[in-house]
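Undergrad: Take a look at the following structure, please.
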Amino acid sequence: MKALPLVAGLLFATSAVADTPVLTVYAPDYFASEWGPGPGIEAAFEETCGCDLVYKTGELLPRLLLEGPRTEADVAIGFNSDITKKARESGLFAPHGLDMSGLTLPIDWSDDTFLPFNYSHTAFIYDNTKVADAPSSFDDLLNAPDDLRLVIQDPRSSISGLALVLWVNHVYGDDAAEAWAKLAPKIVTVTKGWSESYGMFTDGEADMVLSYTTSPAYHIIAEEDLTKSAAIFDEGHYFMVELAAKLAGTDNNELADAFMAFILTEKFQSMIPTSNWSFPAALSEENWPAGFQDLPMPEKVLFYSEDDAAALRAEAIEAWRSALSQ
């Protein structure tokens, strides 16, 4: 007889769990990892929603296109503007319906479907104790001695690598192939993704690495290391923004809307700098951590609309591939 309260308690707990709504968020691996912003965002949102936020990680767009309307996702987070055209044309996403007047991006943003949550600028990072005369323009980099060792990412598999070829295209236009021919002798390795190349740089296997203007903030804040700097170029830097979107076929419409609105809150945005190591998309500069407020910022921001990025992608990648295959 004493077992009856225990059984009743277990049944009640099981029922309570079953009644808890689940919000399924598709995200890249880095986002939901223990060192990424995902765990903190999950805990903060669950405090307000009375729900269970569950991440499912991996490549976003290929998975969503494969699953189509059958997808389990309610929200997807981690897109960038160089691939949103293909995502938008899938018809899988719904308007977010949010007021974006509080965005603090360095460009105007009016997209009613893809909502920014952080941004940075593509840049080359160097060790300022080893590179005494860092390039201050793209032309300087192209004309640097060929023994300068660069590591970059493959534009066919990496969003930062794709940003680089679009950056070169933006700066040099019809002369992009010639620019790549000058840069190619300095490139010691092309990695599939960002983490491999950045690891090579921090291990001393390269003098400069393709990354972001915010990358030094990690070393400054997390490691108290002031030796990593971004080379700021006179021609400007390619703008990278990360985005979230609600799935049109979600069965949890109110929860999905609540999460999208949560992205613009100070609670969410204040977690971005020191977990995703990027500038928050909706937080004023005076509320950034000190390590971010002191970062050098490019005076000129370069950016392609999703239509232009889609139209130029193949041409920009081919100019890169052709030069590096010589």
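Ligands are numbered from 1 in the order shown, chains are lettered A, B, ... in the order of the structure tokens, and residues start at 1 in each chain.
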Could you give me, as a PDB file with C-alpha atoms, in the first residue's frame, the residues within 12 Å of A:Ala309, counting only C-alpha atoms and dropping anything in the same chain fewer than 4 positions from it?
TA:
ATOM      1  CA  ASN A  80      23.535  34.303 -43.018  1.00  0.00           C
ATOM      2  CA  SER A  81      22.470  36.731 -45.702  1.00  0.00           C
ATOM      3  CA  ASP A  82      24.529  35.086 -48.462  1.00  0.00           C
ATOM      4  CA  ILE A  83      22.176  32.078 -48.504  1.00  0.00           C
ATOM      5  CA  THR A  84      18.800  33.605 -47.564  1.00  0.00           C
ATOM      6  CA  LYS A  85      17.607  33.873 -51.170  1.00  0.00           C
ATOM      7  CA  LYS A  86      17.578  30.093 -51.548  1.00  0.00           C
ATOM      8  CA  LEU A 162      32.138  32.493 -49.101  1.00  0.00           C
ATOM      9  CA  ALA A 163      32.223  35.928 -47.497  1.00  0.00           C
ATOM     10  CA  LEU A 164      35.890  36.267 -48.484  1.00  0.00           C
ATOM     11  CA  VAL A 165      35.309  35.579 -52.180  1.00  0.00           C
ATOM     12  CA  LEU A 166      32.382  38.023 -52.172  1.00  0.00           C
ATOM     13  CA  TRP A 167      34.584  40.553 -50.349  1.00  0.00           C
ATOM     14  CA  ASN A 169      34.638  40.537 -55.706  1.00  0.00           C
ATOM     15  CA  HIS A 170      33.219  43.657 -54.057  1.00  0.00           C
ATOM     16  CA  TYR A 238      32.430  42.528 -45.914  1.00  0.00           C
ATOM     17  CA  LEU A 302      30.643  46.280 -47.811  1.00  0.00           C
ATOM     18  CA  PHE A 303      27.544  44.189 -48.381  1.00  0.00           C
ATOM     19  CA  TYR A 304      25.665  42.373 -51.141  1.00  0.00           C
ATOM     20  CA  SER A 305      21.916  41.910 -51.071  1.00  0.00           C
ATOM     21  CA  ARG A 313      28.404  33.390 -55.936  1.00  0.00           C
ATOM     22  CA  ALA A 314      29.415  30.989 -58.724  1.00  0.00           C
ATOM     23  CA  GLU A 315      31.558  33.592 -60.504  1.00  0.00           C
ATOM     24  CA  ALA A 316      33.318  34.618 -57.275  1.00  0.00           C
ATOM     25  CA  ILE A 317      34.061  31.011 -56.291  1.00  0.00           C
TER      26      ILE A 317
END
Undergrad: Skip stretch 261-272 of chain A itself and residues of its chain fewer than 6 positions away, then list as an MDAnalysis selection string all residues within 8 Å of it, counting only C-alpha atoms.
TA: chainID A and resid 37 40:41 44:45 98 102 117:118 278:283 287:288
Undergrad: Would you save the residues from that selection as a short mmCIF file (atom, residue, chain, number, x, y, z; two decimals), in the first residue's frame, using all heavy atoms?
TA:
data_model
loop_
_atom_site.label_atom_id
_atom_site.label_comp_id
_atom_site.auth_asym_id
_atom_site.auth_seq_id
_atom_site.Cartn_x
_atom_site.Cartn_y
_atom_site.Cartn_z
N PRO A 37 26.32 30.18 -27.56
CA PRO A 37 25.26 30.93 -26.87
C PRO A 37 24.03 30.10 -26.55
O PRO A 37 23.21 30.50 -25.72
CB PRO A 37 24.91 32.04 -27.87
CG PRO A 37 25.23 31.44 -29.21
CD PRO A 37 26.44 30.55 -28.98
N GLY A 40 22.80 29.10 -22.69
CA GLY A 40 22.34 30.25 -21.92
C GLY A 40 21.01 30.78 -22.42
O GLY A 40 20.13 31.15 -21.63
N ILE A 41 20.85 30.82 -23.74
CA ILE A 41 19.60 31.28 -24.33
C ILE A 41 18.48 30.31 -24.00
O ILE A 41 17.36 30.72 -23.67
CB ILE A 41 19.79 31.43 -25.86
CG1 ILE A 41 20.68 32.64 -26.15
CG2 ILE A 41 18.45 31.55 -26.57
CD1 ILE A 41 21.19 32.71 -27.56
N ALA A 44 17.42 30.87 -20.35
CA ALA A 44 16.73 32.15 -20.16
C ALA A 44 15.33 32.12 -20.76
O ALA A 44 14.37 32.64 -20.17
CB ALA A 44 17.55 33.28 -20.78
N PHE A 45 15.18 31.52 -21.93
CA PHE A 45 13.86 31.47 -22.56
C PHE A 45 12.92 30.56 -21.80
O PHE A 45 11.73 30.87 -21.62
CB PHE A 45 13.98 31.02 -24.02
CG PHE A 45 12.68 31.05 -24.76
CD1 PHE A 45 12.02 32.25 -25.00
CD2 PHE A 45 12.10 29.87 -25.23
CE1 PHE A 45 10.81 32.29 -25.68
CE2 PHE A 45 10.90 29.89 -25.92
CZ PHE A 45 10.25 31.11 -26.14
N LEU A 98 7.80 41.46 -36.45
CA LEU A 98 8.40 42.20 -35.34
C LEU A 98 8.82 43.61 -35.76
O LEU A 98 9.19 43.85 -36.91
CB LEU A 98 9.60 41.44 -34.79
CG LEU A 98 9.29 40.09 -34.14
CD1 LEU A 98 10.57 39.29 -33.91
CD2 LEU A 98 8.55 40.31 -32.82
N GLY A 102 14.63 48.82 -33.21
CA GLY A 102 15.67 48.78 -32.18
C GLY A 102 16.96 48.13 -32.64
O GLY A 102 17.92 48.00 -31.86
N PHE A 117 20.36 38.49 -35.39
CA PHE A 117 20.63 38.41 -33.96
C PHE A 117 22.07 38.79 -33.61
O PHE A 117 22.36 39.16 -32.49
CB PHE A 117 20.29 37.02 -33.38
CG PHE A 117 21.12 35.87 -33.89
CD1 PHE A 117 22.26 35.47 -33.22
CD2 PHE A 117 20.72 35.16 -35.01
CE1 PHE A 117 23.01 34.39 -33.68
CE2 PHE A 117 21.46 34.08 -35.47
CZ PHE A 117 22.61 33.69 -34.80
N ASN A 118 23.01 38.72 -34.56
CA ASN A 118 24.35 39.27 -34.33
C ASN A 118 25.04 39.51 -35.67
O ASN A 118 24.56 39.10 -36.74
CB ASN A 118 25.19 38.41 -33.41
CG ASN A 118 25.57 37.04 -33.94
OD1 ASN A 118 25.74 36.10 -33.17
ND2 ASN A 118 25.73 36.85 -35.23
N SER A 278 30.45 38.00 -31.19
CA SER A 278 30.01 38.85 -32.29
C SER A 278 29.33 40.07 -31.69
O SER A 278 29.01 40.11 -30.50
CB SER A 278 29.02 38.11 -33.20
OG SER A 278 29.60 36.96 -33.77
N PHE A 279 29.10 41.07 -32.53
CA PHE A 279 28.36 42.24 -32.08
C PHE A 279 26.87 41.89 -32.00
O PHE A 279 26.32 41.29 -32.94
CB PHE A 279 28.54 43.40 -33.06
CG PHE A 279 29.93 43.94 -33.14
CD1 PHE A 279 30.63 43.88 -34.33
CD2 PHE A 279 30.55 44.50 -32.04
CE1 PHE A 279 31.92 44.38 -34.42
CE2 PHE A 279 31.85 45.00 -32.12
CZ PHE A 279 32.53 44.94 -33.31
N PRO A 280 26.18 42.25 -30.92
CA PRO A 280 24.74 42.00 -30.84
C PRO A 280 24.00 42.90 -31.82
O PRO A 280 24.38 44.04 -32.06
CB PRO A 280 24.40 42.35 -29.39
CG PRO A 280 25.48 43.31 -28.97
CD PRO A 280 26.72 42.91 -29.72
N ALA A 281 22.92 42.37 -32.39
CA ALA A 281 22.20 43.09 -33.44
C ALA A 281 21.22 44.12 -32.90
O ALA A 281 20.74 44.96 -33.67
CB ALA A 281 21.44 42.10 -34.32
N ALA A 282 20.92 44.07 -31.61
CA ALA A 282 19.91 44.99 -31.07
C ALA A 282 20.30 45.44 -29.66
O ALA A 282 19.50 45.39 -28.73
CB ALA A 282 18.53 44.33 -31.06
N LEU A 283 21.54 45.85 -29.52
CA LEU A 283 22.04 46.33 -28.22
C LEU A 283 22.97 47.50 -28.48
O LEU A 283 23.90 47.39 -29.30
CB LEU A 283 22.78 45.21 -27.49
CG LEU A 283 23.06 45.41 -26.00
CD1 LEU A 283 21.75 45.42 -25.20
CD2 LEU A 283 23.98 44.31 -25.48
N ASN A 287 26.31 49.36 -24.04
CA ASN A 287 25.99 48.14 -23.28
C ASN A 287 26.82 46.94 -23.71
O ASN A 287 26.63 45.84 -23.19
CB ASN A 287 24.50 47.82 -23.42
CG ASN A 287 23.62 48.83 -22.73
OD1 ASN A 287 23.92 49.26 -21.62
ND2 ASN A 287 22.55 49.24 -23.38
N TRP A 288 27.76 47.13 -24.64
CA TRP A 288 28.68 46.06 -25.00
C TRP A 288 29.73 45.89 -23.92
O TRP A 288 30.08 46.85 -23.22
CB TRP A 288 29.40 46.38 -26.31
CG TRP A 288 28.55 46.51 -27.52
CD1 TRP A 288 27.21 46.25 -27.63
CD2 TRP A 288 28.99 46.97 -28.81
NE1 TRP A 288 26.79 46.50 -28.91
CE2 TRP A 288 27.86 46.94 -29.65
CE3 TRP A 288 30.21 47.37 -29.32
CZ2 TRP A 288 27.93 47.32 -30.99
CZ3 TRP A 288 30.30 47.75 -30.64
CH2 TRP A 288 29.17 47.71 -31.47
#
Undergrad: Here is a test: counting only C-alpha atoms, which residue of A:Val22, A:Ala43, A:Leu247, A:Val241 is nearest to A:Pro69?
TA: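 Of A:Val22, A:Ala43, A:Leu247, A:Val241, the one nearest A:Pro69, counting only C-alpha atoms, is A:Leu247.
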Undergrad: Give me every strand (DSSP E) residue in stretch 38-264 of chain A, going by DSSP on the backbone, as number ranges by chain.
TA: A: 52-57, 75-80, 93-94, 115-127, 150-153, 187-191, 208-212, 228-231, 237-247
Undergrad: One number please: atom CA of A:Asp111 to atom CA of A:Leu60, in Å, one decimal.
TA: 19.2 Å
Undergrad: Using only C-alpha atoms, which residue out of A:Ile152, A:Gly50, A:Asp112, A:Asp127 lies closest to A:Asp19?
TA: A:Gly50
Undergrad: Which residue, A:Asn143, A:Thr104, A:Asn253, A:Ser229, has the smallest gap to A:Lys130 when you use only C-alpha atoms?
TA: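 Of A:Asn143, A:Thr104, A:Asn253, A:Ser229, the one nearest A:Lys130 is A:Ser229, counting only C-alpha atoms.
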